[in-house]
>>> print(open('protein-v4.cif').read())   # mmCIF, C-alpha atoms
data_start
#
loop_
_atom_site.label_atom_id
_atom_site.label_comp_id
_atom_site.auth_asym_id
_atom_site.auth_seq_id
_atom_site.Cartn_x
_atom_site.Cartn_y
_atom_site.Cartn_z
CA MET A 1 19.03 -15.66 9.76
CA ARG A 2 15.40 -15.90 10.90
CA ALA A 3 12.61 -15.52 8.36
CA ALA A 4 8.87 -16.18 8.13
CA VAL A 5 8.47 -18.58 5.19
CA LEU A 6 5.27 -19.40 3.28
CA ARG A 7 4.91 -23.20 3.31
CA GLU A 8 1.19 -23.61 2.57
CA TYR A 9 -1.38 -21.01 1.53
CA GLY A 10 -3.55 -19.85 4.39
CA GLU A 11 -1.51 -21.71 7.01
CA PRO A 12 0.80 -20.15 9.62
CA LEU A 13 4.13 -19.01 8.23
CA ASP A 14 7.16 -21.06 9.23
CA VAL A 15 9.48 -18.86 11.30
CA THR A 16 12.78 -20.64 10.79
CA GLU A 17 16.47 -20.27 10.00
CA VAL A 18 17.35 -19.69 6.33
CA ASP A 19 20.52 -18.65 4.52
CA ALA A 20 21.30 -14.95 4.68
CA PRO A 21 21.42 -13.21 1.28
CA ASP A 22 24.58 -12.11 -0.53
CA PRO A 23 24.47 -8.97 -2.67
CA ALA A 24 24.40 -9.20 -6.45
CA ALA A 25 26.88 -6.94 -8.22
CA ASP A 26 24.17 -4.25 -8.54
CA GLY A 27 22.44 -5.08 -5.25
CA ALA A 28 22.61 -4.43 -1.54
CA VAL A 29 21.72 -6.33 1.62
CA ILE A 30 19.84 -4.52 4.37
CA GLU A 31 19.37 -5.55 7.97
CA LEU A 32 15.70 -5.05 8.75
CA GLU A 33 14.74 -2.70 11.55
CA ALA A 34 11.00 -2.68 10.79
CA CYS A 35 8.49 -3.96 8.24
CA GLY A 36 4.78 -3.30 7.86
CA ILE A 37 2.28 -6.15 7.56
CA CYS A 38 0.08 -5.31 4.58
CA ARG A 39 -3.15 -6.67 3.12
CA SER A 40 -1.17 -7.40 -0.03
CA ASP A 41 0.80 -9.87 2.10
CA TRP A 42 -2.55 -11.37 3.07
CA HIS A 43 -3.50 -11.82 -0.59
CA GLY A 44 -0.17 -13.56 -1.23
CA TRP A 45 -0.57 -15.68 1.90
CA GLN A 46 -4.01 -16.74 0.62
CA GLY A 47 -2.53 -17.73 -2.75
CA GLU A 48 -4.56 -15.11 -4.64
CA TRP A 49 -3.68 -12.85 -7.57
CA ASP A 50 -2.65 -15.69 -9.86
CA TRP A 51 -4.62 -13.86 -12.59
CA LEU A 52 -2.06 -11.06 -12.20
CA GLY A 53 0.94 -13.37 -12.08
CA LEU A 54 1.44 -12.34 -8.44
CA LYS A 55 0.74 -15.63 -6.66
CA PRO A 56 3.89 -16.25 -4.61
CA PRO A 57 5.44 -19.72 -4.73
CA GLU A 58 5.50 -21.86 -1.64
CA GLY A 59 8.81 -21.28 0.09
CA GLN A 60 8.58 -17.52 -0.47
CA ILE A 61 9.46 -14.93 2.17
CA LEU A 62 6.67 -12.33 2.14
CA GLY A 63 6.89 -8.70 3.30
CA HIS A 64 7.28 -5.52 1.27
CA GLU A 65 7.20 -2.49 3.60
CA PRO A 66 10.79 -2.48 4.91
CA ALA A 67 13.03 -0.03 6.67
CA GLY A 68 16.57 -0.98 7.58
CA ARG A 69 20.29 -0.34 7.34
CA VAL A 70 22.56 -1.36 4.51
CA ILE A 71 25.15 -3.88 5.68
CA GLU A 72 26.70 -4.91 2.35
CA VAL A 73 26.73 -3.64 -1.24
CA GLY A 74 27.67 -5.16 -4.57
CA SER A 75 30.71 -4.17 -6.62
CA GLU A 76 28.69 -2.11 -9.14
CA VAL A 77 26.68 -0.05 -6.60
CA GLU A 78 27.62 3.63 -6.62
CA ASN A 79 25.00 5.61 -4.67
CA VAL A 80 24.26 3.32 -1.71
CA SER A 81 26.72 2.74 1.12
CA GLU A 82 27.00 0.55 4.16
CA GLY A 83 25.27 2.21 7.09
CA ASP A 84 22.63 4.01 5.00
CA GLN A 85 19.11 3.78 6.44
CA VAL A 86 16.80 2.97 3.55
CA THR A 87 13.35 1.93 2.48
CA VAL A 88 12.42 -0.01 -0.65
CA PRO A 89 9.32 0.23 -2.91
CA PHE A 90 6.89 -2.67 -3.28
CA ASN A 91 7.31 -2.57 -7.05
CA LEU A 92 10.99 -3.02 -7.87
CA GLY A 93 12.15 -1.43 -11.11
CA ASP A 94 15.07 -2.34 -13.34
CA GLY A 95 16.13 1.31 -13.64
CA THR A 96 16.73 1.06 -17.38
CA CYS A 97 13.38 0.69 -19.18
CA HIS A 98 11.43 3.62 -20.64
CA GLN A 99 9.08 3.78 -17.64
CA CYS A 100 11.94 3.89 -15.13
CA ARG A 101 13.93 6.43 -17.15
CA THR A 102 10.92 8.75 -17.38
CA GLY A 103 10.12 8.65 -13.64
CA HIS A 104 7.45 5.94 -13.65
CA SER A 105 9.32 2.97 -12.24
CA ASN A 106 6.20 1.93 -10.30
CA THR A 107 5.04 0.64 -13.70
CA CYS A 108 8.44 -0.70 -14.80
CA GLU A 109 8.28 -2.84 -17.94
CA ASN A 110 10.13 -5.57 -16.03
CA ILE A 111 8.55 -4.98 -12.64
CA VAL A 112 9.26 -7.41 -9.80
CA PRO A 113 6.91 -7.28 -6.76
CA LEU A 114 8.95 -7.47 -3.56
CA GLY A 115 7.96 -10.45 -1.46
CA LEU A 116 5.58 -11.94 -4.03
CA ASN A 117 8.13 -13.20 -6.56
CA GLU A 118 10.90 -15.74 -6.00
CA ALA A 119 13.34 -13.29 -7.62
CA ALA A 120 12.73 -10.89 -4.71
CA PRO A 121 12.45 -12.56 -1.29
CA GLY A 122 10.70 -10.19 1.08
CA ALA A 123 11.22 -8.44 4.38
CA PHE A 124 9.64 -10.80 6.91
CA ALA A 125 13.23 -11.66 7.81
CA GLU A 126 16.30 -10.36 9.61
CA GLU A 127 17.93 -9.44 6.29
CA MET A 128 16.80 -8.93 2.68
CA HIS A 129 18.40 -8.29 -0.68
CA VAL A 130 17.62 -5.17 -2.74
CA PRO A 131 18.22 -5.66 -6.48
CA VAL A 132 19.38 -2.68 -8.55
CA ALA A 133 20.10 -0.90 -5.29
CA ASP A 134 21.06 2.45 -6.83
CA HIS A 135 17.52 2.64 -8.19
CA ASN A 136 15.42 0.80 -5.59
CA ALA A 137 17.04 1.68 -2.25
CA VAL A 138 15.74 5.07 -1.07
CA GLN A 139 17.79 6.79 1.61
CA LEU A 140 15.70 8.00 4.53
CA PRO A 141 16.03 11.38 6.26
CA ASP A 142 18.35 11.52 9.25
CA GLY A 143 16.93 10.78 12.67
CA VAL A 144 13.69 9.14 11.60
CA SER A 145 12.11 6.16 13.33
CA ALA A 146 12.35 2.88 11.41
CA VAL A 147 8.82 2.02 12.58
CA ASP A 148 7.51 5.31 11.20
CA MET A 149 9.29 4.70 7.91
CA ALA A 150 7.80 1.20 7.68
CA GLY A 151 4.48 2.97 8.19
CA LEU A 152 5.40 4.97 5.10
CA GLY A 153 5.59 1.68 3.19
CA CYS A 154 3.41 0.52 0.35
CA ARG A 155 0.08 1.68 1.80
CA PHE A 156 1.04 5.25 2.66
CA MET A 157 3.13 5.72 -0.50
CA THR A 158 0.39 4.19 -2.64
CA SER A 159 -2.23 6.51 -1.16
CA PHE A 160 0.01 9.54 -1.62
CA HIS A 161 0.67 8.75 -5.29
CA ALA A 162 -3.04 8.14 -5.86
CA LEU A 163 -4.13 11.47 -4.39
CA ALA A 164 -1.17 13.77 -5.05
CA HIS A 165 -0.22 12.55 -8.52
CA GLN A 166 -3.07 10.59 -10.10
CA ALA A 167 -6.08 12.48 -8.78
CA ASP A 168 -6.91 16.17 -9.08
CA VAL A 169 -7.59 17.21 -5.50
CA ASP A 170 -8.13 20.94 -5.08
CA ALA A 171 -8.60 22.80 -1.80
CA GLY A 172 -12.12 22.26 -0.49
CA ASP A 173 -12.94 19.34 -2.80
CA TRP A 174 -15.00 16.55 -1.33
CA VAL A 175 -12.88 13.39 -1.33
CA VAL A 176 -14.47 10.06 -0.39
CA ILE A 177 -12.39 7.10 0.81
CA HIS A 178 -14.12 3.71 0.58
CA GLY A 179 -12.52 1.24 2.99
CA CYS A 180 -10.56 2.29 6.08
CA GLY A 181 -7.83 -0.30 6.26
CA GLY A 182 -4.19 0.76 6.13
CA VAL A 183 -4.47 2.19 2.61
CA GLY A 184 -7.77 3.92 3.32
CA LEU A 185 -6.71 5.51 6.60
CA SER A 186 -3.50 6.69 4.97
CA ALA A 187 -5.61 8.18 2.17
CA VAL A 188 -7.84 9.98 4.68
CA HIS A 189 -4.81 11.58 6.33
CA ILE A 190 -3.22 12.52 2.99
CA ALA A 191 -6.42 13.89 1.42
CA ASP A 192 -6.89 16.09 4.49
CA ALA A 193 -3.28 17.32 4.25
CA LEU A 194 -3.84 18.18 0.58
CA GLY A 195 -6.81 20.38 1.48
CA GLY A 196 -9.70 18.03 0.72
CA ASN A 197 -12.88 17.66 2.76
CA VAL A 198 -12.85 13.95 3.50
CA VAL A 199 -15.71 11.47 3.83
CA ALA A 200 -14.60 8.07 5.17
CA VAL A 201 -16.71 4.96 4.49
CA ASP A 202 -16.34 1.63 6.28
CA LEU A 203 -18.33 -1.10 7.99
CA GLN A 204 -16.64 -0.74 11.39
CA SER A 205 -17.26 2.19 13.71
CA GLU A 206 -13.81 1.86 15.34
CA LYS A 207 -12.10 2.43 12.00
CA LEU A 208 -14.37 5.39 11.28
CA ASP A 209 -13.45 6.88 14.65
CA LEU A 210 -9.78 6.60 13.72
CA ALA A 211 -10.55 8.14 10.32
CA GLU A 212 -12.02 11.17 12.12
CA ASP A 213 -8.86 11.45 14.20
CA LEU A 214 -6.86 11.44 10.95
CA GLY A 215 -8.88 14.25 9.36
CA ALA A 216 -12.19 12.92 8.05
CA SER A 217 -14.88 15.63 8.13
CA GLU A 218 -17.71 13.12 7.80
CA THR A 219 -18.08 9.34 8.07
CA VAL A 220 -20.54 6.80 6.68
CA ASN A 221 -21.01 3.43 8.35
CA ALA A 222 -21.89 1.18 5.41
CA SER A 223 -23.45 -1.38 7.77
CA GLU A 224 -26.04 1.16 8.91
CA VAL A 225 -27.23 2.73 5.64
CA ASP A 226 -29.15 1.18 2.77
CA ASN A 227 -27.45 3.14 0.02
CA VAL A 228 -23.88 4.40 0.54
CA PRO A 229 -23.70 6.56 -2.63
CA ARG A 230 -27.00 8.27 -1.78
CA GLN A 231 -25.71 9.06 1.72
CA VAL A 232 -22.42 10.40 0.33
CA LYS A 233 -24.23 12.57 -2.20
CA ALA A 234 -26.39 14.01 0.59
CA ILE A 235 -23.27 14.91 2.56
CA THR A 236 -21.42 16.36 -0.44
CA ASP A 237 -24.39 18.20 -1.97
CA GLY A 238 -24.58 16.18 -5.15
CA GLY A 239 -21.46 14.05 -5.23
CA ALA A 240 -17.73 14.09 -4.57
CA ALA A 241 -15.00 15.48 -6.81
CA VAL A 242 -12.72 12.51 -6.09
CA SER A 243 -13.59 9.08 -4.76
CA VAL A 244 -11.12 6.29 -3.93
CA ASP A 245 -11.71 2.55 -3.73
CA ALA A 246 -9.07 1.61 -1.18
CA LEU A 247 -10.27 -1.99 -0.78
CA GLY A 248 -10.83 -3.55 -4.21
CA ILE A 249 -14.06 -5.51 -3.89
CA ALA A 250 -16.92 -5.06 -6.36
CA THR A 251 -19.14 -3.25 -3.85
CA THR A 252 -16.60 -0.58 -2.90
CA CYS A 253 -15.58 -0.02 -6.52
CA ARG A 254 -19.16 0.58 -7.67
CA ASN A 255 -20.04 2.62 -4.58
CA SER A 256 -17.02 4.81 -5.22
CA ILE A 257 -18.08 5.55 -8.78
CA MET A 258 -21.71 6.12 -7.82
CA SER A 259 -20.63 8.56 -5.07
CA LEU A 260 -19.20 11.02 -7.59
CA GLY A 261 -20.74 14.17 -8.94
CA THR A 262 -20.66 15.17 -12.61
CA ARG A 263 -17.11 15.09 -14.03
CA GLY A 264 -15.89 13.42 -10.87
CA GLN A 265 -12.81 11.25 -10.67
CA HIS A 266 -12.72 7.67 -9.40
CA VAL A 267 -9.29 6.36 -8.33
CA GLN A 268 -8.86 2.60 -8.13
CA VAL A 269 -6.19 1.63 -5.61
CA GLY A 270 -7.42 -1.68 -4.18
CA LEU A 271 -6.77 -4.83 -6.18
CA SER A 272 -9.55 -7.39 -6.36
CA THR A 273 -9.99 -10.68 -4.52
CA ASP A 274 -10.78 -14.24 -5.57
CA ASP A 275 -14.45 -13.25 -5.81
CA GLU A 276 -13.81 -10.70 -8.59
CA GLN A 277 -10.80 -12.34 -10.25
CA GLY A 278 -9.71 -8.96 -11.58
CA SER A 279 -13.01 -7.85 -13.18
CA VAL A 280 -15.86 -5.71 -11.82
CA GLU A 281 -19.13 -4.75 -13.53
CA LEU A 282 -19.31 -0.94 -13.81
CA PRO A 283 -22.14 1.59 -14.39
CA THR A 284 -20.68 2.63 -17.74
CA ASP A 285 -23.72 4.55 -19.05
CA MET A 286 -23.74 6.77 -15.97
CA MET A 287 -19.99 7.26 -16.36
CA VAL A 288 -20.48 8.40 -19.94
CA MET A 289 -23.41 10.70 -19.21
CA GLN A 290 -21.61 12.37 -16.29
CA GLU A 291 -18.14 12.22 -17.86
CA ILE A 292 -16.79 10.26 -14.91
CA GLU A 293 -13.05 9.58 -15.07
CA PHE A 294 -11.69 6.18 -13.98
CA VAL A 295 -8.03 6.32 -12.92
CA GLY A 296 -5.80 3.43 -11.84
CA SER A 297 -2.97 3.98 -9.37
CA LEU A 298 -0.14 1.59 -8.52
CA GLY A 299 2.44 2.17 -5.80
CA MET A 300 4.67 5.22 -6.12
CA PRO A 301 7.91 5.94 -7.99
CA PRO A 302 10.80 6.14 -5.49
CA THR A 303 12.12 9.25 -7.23
CA ARG A 304 9.20 11.17 -5.66
CA TYR A 305 9.49 9.92 -2.09
CA ASP A 306 11.14 13.21 -1.11
CA GLU A 307 7.74 14.93 -1.53
CA ILE A 308 6.44 12.91 1.42
CA PHE A 309 9.64 13.40 3.39
CA ARG A 310 9.27 17.18 3.05
CA MET A 311 5.64 17.09 4.20
CA VAL A 312 6.61 14.92 7.16
CA ALA A 313 9.42 17.33 8.06
CA ASP A 314 6.95 20.24 7.91
CA GLY A 315 4.47 18.43 10.16
CA LYS A 316 1.80 18.16 7.46
CA LEU A 317 1.92 14.35 7.38
CA ASP A 318 2.49 11.96 10.27
CA PRO A 319 2.85 8.32 9.16
CA SER A 320 3.16 7.22 12.80
CA ALA A 321 -0.49 8.21 13.28
CA VAL A 322 -1.52 5.30 11.03
CA VAL A 323 0.77 2.75 12.73
CA SER A 324 -1.52 0.85 15.11
CA GLU A 325 0.91 -1.50 16.85
CA THR A 326 4.36 -3.07 16.78
CA VAL A 327 4.79 -6.84 16.86
CA ASP A 328 7.41 -9.60 16.77
CA LEU A 329 8.20 -11.64 13.64
CA ASP A 330 6.56 -14.61 15.38
CA ASP A 331 3.26 -12.69 15.46
CA VAL A 332 2.97 -12.20 11.68
CA SER A 333 0.73 -15.21 11.04
CA ALA A 334 -1.77 -14.08 13.68
CA LYS A 335 -1.93 -10.62 12.11
CA LEU A 336 -2.45 -12.08 8.64
CA ALA A 337 -5.23 -14.32 9.97
CA ALA A 338 -6.92 -11.31 11.59
CA MET A 339 -7.04 -9.62 8.19
CA SER A 340 -9.36 -12.36 6.92
CA ASP A 341 -12.15 -10.77 8.97
CA PHE A 342 -10.83 -7.19 8.66
CA GLU A 343 -9.93 -7.20 12.35
CA THR A 344 -6.67 -5.28 12.12
CA MET A 345 -6.62 -1.51 12.65
CA GLY A 346 -4.28 0.81 10.80
CA ILE A 347 -0.80 -0.50 10.00
CA PRO A 348 0.80 -3.19 12.21
CA VAL A 349 4.61 -3.10 12.01
CA ILE A 350 7.21 -5.72 12.90
CA ASP A 351 10.02 -4.22 14.95
CA GLU A 352 11.55 -7.38 16.44
CA PHE A 353 13.06 -10.00 14.15
#
>>> encode(input="protein-v4.cif", output="structure tokens")
Amino acid sequence: MRAAVLREYGEPLDVTEVDAPDPAADGAVIELEACGICRSDWHGWQGEWDWLGLKPPEGQILGHEPAGRVIEVGSEVENVSEGDQVTVPFNLGDGTCHQCRTGHSNTCENIVPLGLNEAAPGAFAEEMHVPVADHNAVQLPDGVSAVDMAGLGCRFMTSFHALAHQADVDAGDWVVIHGCGGVGLSAVHIADALGGNVVAVDLQSEKLDLAEDLGASETVNASEVDNVPRQVKAITDGGAAVSVDALGIATTCRNSIMSLGTRGQHVQVGLSTDDEQGSVELPTDMMVMQEIEFVGSLGMPPTRYDEIFRMVADGKLDPSAVVSETVDLDDVSAKLAAMSDFETMGIPVIDEF
């Protein structure tokens, strides 16, 4: 089968023939119909996140936003069948630990990141293996587009979990999204669907225009103002109820916290880069004095995907609105390179393998 293989960090992926996977007893093999290209893939391609144990080895197949059809299952699989159209979470759970058994498999005690660990080759390929398929393979609603479902991958699911489960967004609350990449634009759309009044912040006017199309009430171009938090507080009459760092750099994290009003809630979604190495200096005294809450949010448990499916069916969410383009497997390296300068818009999706 064809796959895009990481040979050297920061260099074009090697699109080549590799052995097709066989299913483990508890696993399944899916034939890929679509896969999103995510900034997390970019971090892995750059060889970052070693401080998290997430630096992929050379020879790894990246990709973690798949949609496809099951073509083979292992002897112990009970709930997944050949022909099922499925998606798979970024954070693979074992299905047996306390976190998995209590509905929090996104923080599984034995978590394996799809596409970033040699135990879980990713979805930049014609086929991929899903371990513990009864737990990790999520059947998709009938009649959906594989491209749309890839758009529902890690970024959309992550944003939904952050806003619908981790944050306290009430109708009419000001919600600020810092960074309008795939995660941020998904968060704008979701916050609007949940009833929030959304402020989108980014450096690029084109991304802010798209944020308005997705439901942002106000936008702030960070390249044109001296003080982003001051501008946000002017818009929100004293500060937001919820603010999300959807990028993960020190500036957006601090701006997010400083954009909040008293007893506001900061949600950290973006993971840091080589510059931060996992640590950011925070305005802790202000956080204490204003009782600011700092909340982390990682992925989304697959047991709750049906919440999104119902909102999509009702027309309240449209993941296709965040999908910016479809590309061939051979184009992946160019899209990853474009992410170095934040040149991609929305969510690019592979639909030809």
>>> resolve_selection(input="protein-v4.cif", expression="the PyMOL selection byres ((chain A and resi 282) around 12)", output="list of chain:residue names")
A:Ala250, A:Thr251, A:Thr252, A:Cys253, A:Arg254, A:Asn255, A:Ser256, A:Ile257, A:Met258, A:His266, A:Ser279, A:Val280, A:Glu281, A:Pro283, A:Thr284, A:Asp285, A:Met286, A:Met287, A:Val288, A:Ile292, A:Phe294
>>> atom_distance(input="protein-v4.cif", atom1="atom CA of A:Leu62", atom2="atom CA of A:Val86")
18.4 Å
>>> residues_around(input="protein-v4.cif", residues="A:Ser272", least_positions_apart="2", cutoff="8 Å", atoms="only C-alpha atoms", output="PyMOL selection string")
chain A and resi 247-250+270+274-279
>>> resolve_selection(input="protein-v4.cif", expression="the PyMOL selection byres ((chain A and resi 158-167) around 8)", output="compact mmCIF listing (two decimals) with C-alpha atoms, in the coordinates of the input")
# COMPACT_ATOMS: atom_id res chain seq x y z
CA CYS A 154 3.41 0.52 0.35
CA ARG A 155 0.08 1.68 1.80
CA PHE A 156 1.04 5.25 2.66
CA MET A 157 3.13 5.72 -0.50
CA ASP A 168 -6.91 16.17 -9.08
CA VAL A 169 -7.59 17.21 -5.50
CA VAL A 183 -4.47 2.19 2.61
CA GLY A 184 -7.77 3.92 3.32
CA SER A 186 -3.50 6.69 4.97
CA ALA A 187 -5.61 8.18 2.17
CA ILE A 190 -3.22 12.52 2.99
CA ALA A 191 -6.42 13.89 1.42
CA LEU A 194 -3.84 18.18 0.58
CA VAL A 242 -12.72 12.51 -6.09
CA GLN A 265 -12.81 11.25 -10.67
CA VAL A 267 -9.29 6.36 -8.33
CA VAL A 269 -6.19 1.63 -5.61
CA VAL A 295 -8.03 6.32 -12.92
CA GLY A 296 -5.80 3.43 -11.84
CA SER A 297 -2.97 3.98 -9.37
CA LEU A 298 -0.14 1.59 -8.52
CA GLY A 299 2.44 2.17 -5.80
CA MET A 300 4.67 5.22 -6.12
CA ILE A 308 6.44 12.91 1.42
>>> atom_distance(input="protein-v4.cif", atom1="atom CA of A:Met339", atom2="atom CA of A:Val232")
26.4 Å
>>> closest_residue(input="protein-v4.cif", among="A:Ala34, A:Ala337, A:Ala241, A:Leu114", to="A:Asp148", atoms="all atoms listed in the file")
A:Ala34
>>> build_atoms(input="protein-v4.cif", residues="stretch 137-146 of chain A", atoms="all heavy atoms", output="PDB file, in the coordinates of the input")
ATOM      1  N   ALA A 137      16.810   1.370  -3.658  1.00  0.00           N
ATOM      2  CA  ALA A 137      17.040   1.680  -2.250  1.00  0.00           C
ATOM      3  C   ALA A 137      16.948   3.196  -2.057  1.00  0.00           C
ATOM      4  O   ALA A 137      17.743   3.943  -2.618  1.00  0.00           O
ATOM      5  CB  ALA A 137      18.387   1.160  -1.782  1.00  0.00           C
ATOM      6  N   VAL A 138      15.976   3.645  -1.277  1.00  0.00           N
ATOM      7  CA  VAL A 138      15.740   5.070  -1.070  1.00  0.00           C
ATOM      8  C   VAL A 138      16.252   5.473   0.307  1.00  0.00           C
ATOM      9  O   VAL A 138      15.774   4.953   1.327  1.00  0.00           O
ATOM     10  CB  VAL A 138      14.237   5.406  -1.187  1.00  0.00           C
ATOM     11  CG1 VAL A 138      14.011   6.906  -0.992  1.00  0.00           C
ATOM     12  CG2 VAL A 138      13.690   4.954  -2.534  1.00  0.00           C
ATOM     13  N   GLN A 139      17.226   6.377   0.334  1.00  0.00           N
ATOM     14  CA  GLN A 139      17.790   6.790   1.610  1.00  0.00           C
ATOM     15  C   GLN A 139      16.779   7.622   2.386  1.00  0.00           C
ATOM     16  O   GLN A 139      16.131   8.523   1.838  1.00  0.00           O
ATOM     17  CB  GLN A 139      19.074   7.579   1.413  1.00  0.00           C
ATOM     18  CG  GLN A 139      19.813   7.848   2.720  1.00  0.00           C
ATOM     19  CD  GLN A 139      21.273   8.182   2.509  1.00  0.00           C
ATOM     20  OE1 GLN A 139      21.833   7.970   1.438  1.00  0.00           O
ATOM     21  NE2 GLN A 139      21.912   8.703   3.547  1.00  0.00           N
ATOM     22  N   LEU A 140      16.668   7.323   3.679  1.00  0.00           N
ATOM     23  CA  LEU A 140      15.700   8.000   4.530  1.00  0.00           C
ATOM     24  C   LEU A 140      16.324   9.230   5.180  1.00  0.00           C
ATOM     25  O   LEU A 140      17.540   9.309   5.355  1.00  0.00           O
ATOM     26  CB  LEU A 140      15.216   7.039   5.621  1.00  0.00           C
ATOM     27  CG  LEU A 140      14.459   5.807   5.109  1.00  0.00           C
ATOM     28  CD1 LEU A 140      14.168   4.851   6.250  1.00  0.00           C
ATOM     29  CD2 LEU A 140      13.165   6.220   4.422  1.00  0.00           C
ATOM     30  N   PRO A 141      15.510  10.197   5.562  1.00  0.00           N
ATOM     31  CA  PRO A 141      16.030  11.380   6.260  1.00  0.00           C
ATOM     32  C   PRO A 141      16.705  10.995   7.569  1.00  0.00           C
ATOM     33  O   PRO A 141      16.350   9.983   8.195  1.00  0.00           O
ATOM     34  CB  PRO A 141      14.784  12.228   6.499  1.00  0.00           C
ATOM     35  CG  PRO A 141      13.770  11.726   5.530  1.00  0.00           C
ATOM     36  CD  PRO A 141      14.057  10.277   5.335  1.00  0.00           C
ATOM     37  N   ASP A 142      17.648  11.784   8.007  1.00  0.00           N
ATOM     38  CA  ASP A 142      18.350  11.520   9.250  1.00  0.00           C
ATOM     39  C   ASP A 142      17.401  11.592  10.444  1.00  0.00           C
ATOM     40  O   ASP A 142      16.490  12.422  10.503  1.00  0.00           O
ATOM     41  CB  ASP A 142      19.478  12.542   9.471  1.00  0.00           C
ATOM     42  CG  ASP A 142      20.609  12.378   8.464  1.00  0.00           C
ATOM     43  OD1 ASP A 142      20.758  11.254   7.927  1.00  0.00           O
ATOM     44  OD2 ASP A 142      21.331  13.354   8.231  1.00  0.00           O
ATOM     45  N   GLY A 143      17.627  10.701  11.400  1.00  0.00           N
ATOM     46  CA  GLY A 143      16.930  10.780  12.670  1.00  0.00           C
ATOM     47  C   GLY A 143      15.505  10.278  12.688  1.00  0.00           C
ATOM     48  O   GLY A 143      14.797  10.491  13.669  1.00  0.00           O
ATOM     49  N   VAL A 144      15.070   9.606  11.625  1.00  0.00           N
ATOM     50  CA  VAL A 144      13.690   9.140  11.600  1.00  0.00           C
ATOM     51  C   VAL A 144      13.577   7.779  12.273  1.00  0.00           C
ATOM     52  O   VAL A 144      14.541   7.031  12.376  1.00  0.00           O
ATOM     53  CB  VAL A 144      13.152   9.042  10.154  1.00  0.00           C
ATOM     54  CG1 VAL A 144      13.215  10.387   9.470  1.00  0.00           C
ATOM     55  CG2 VAL A 144      13.902   7.983   9.362  1.00  0.00           C
ATOM     56  N   SER A 145      12.392   7.456  12.732  1.00  0.00           N
ATOM     57  CA  SER A 145      12.110   6.160  13.330  1.00  0.00           C
ATOM     58  C   SER A 145      11.906   5.118  12.241  1.00  0.00           C
ATOM     59  O   SER A 145      11.168   5.349  11.269  1.00  0.00           O
ATOM     60  CB  SER A 145      10.856   6.253  14.197  1.00  0.00           C
ATOM     61  OG  SER A 145      10.259   4.998  14.389  1.00  0.00           O
ATOM     62  N   ALA A 146      12.544   3.951  12.385  1.00  0.00           N
ATOM     63  CA  ALA A 146      12.350   2.880  11.410  1.00  0.00           C
ATOM     64  C   ALA A 146      10.899   2.423  11.377  1.00  0.00           C
ATOM     65  O   ALA A 146      10.362   2.100  10.317  1.00  0.00           O
ATOM     66  CB  ALA A 146      13.268   1.696  11.755  1.00  0.00           C
TER      67      ALA A 146
END
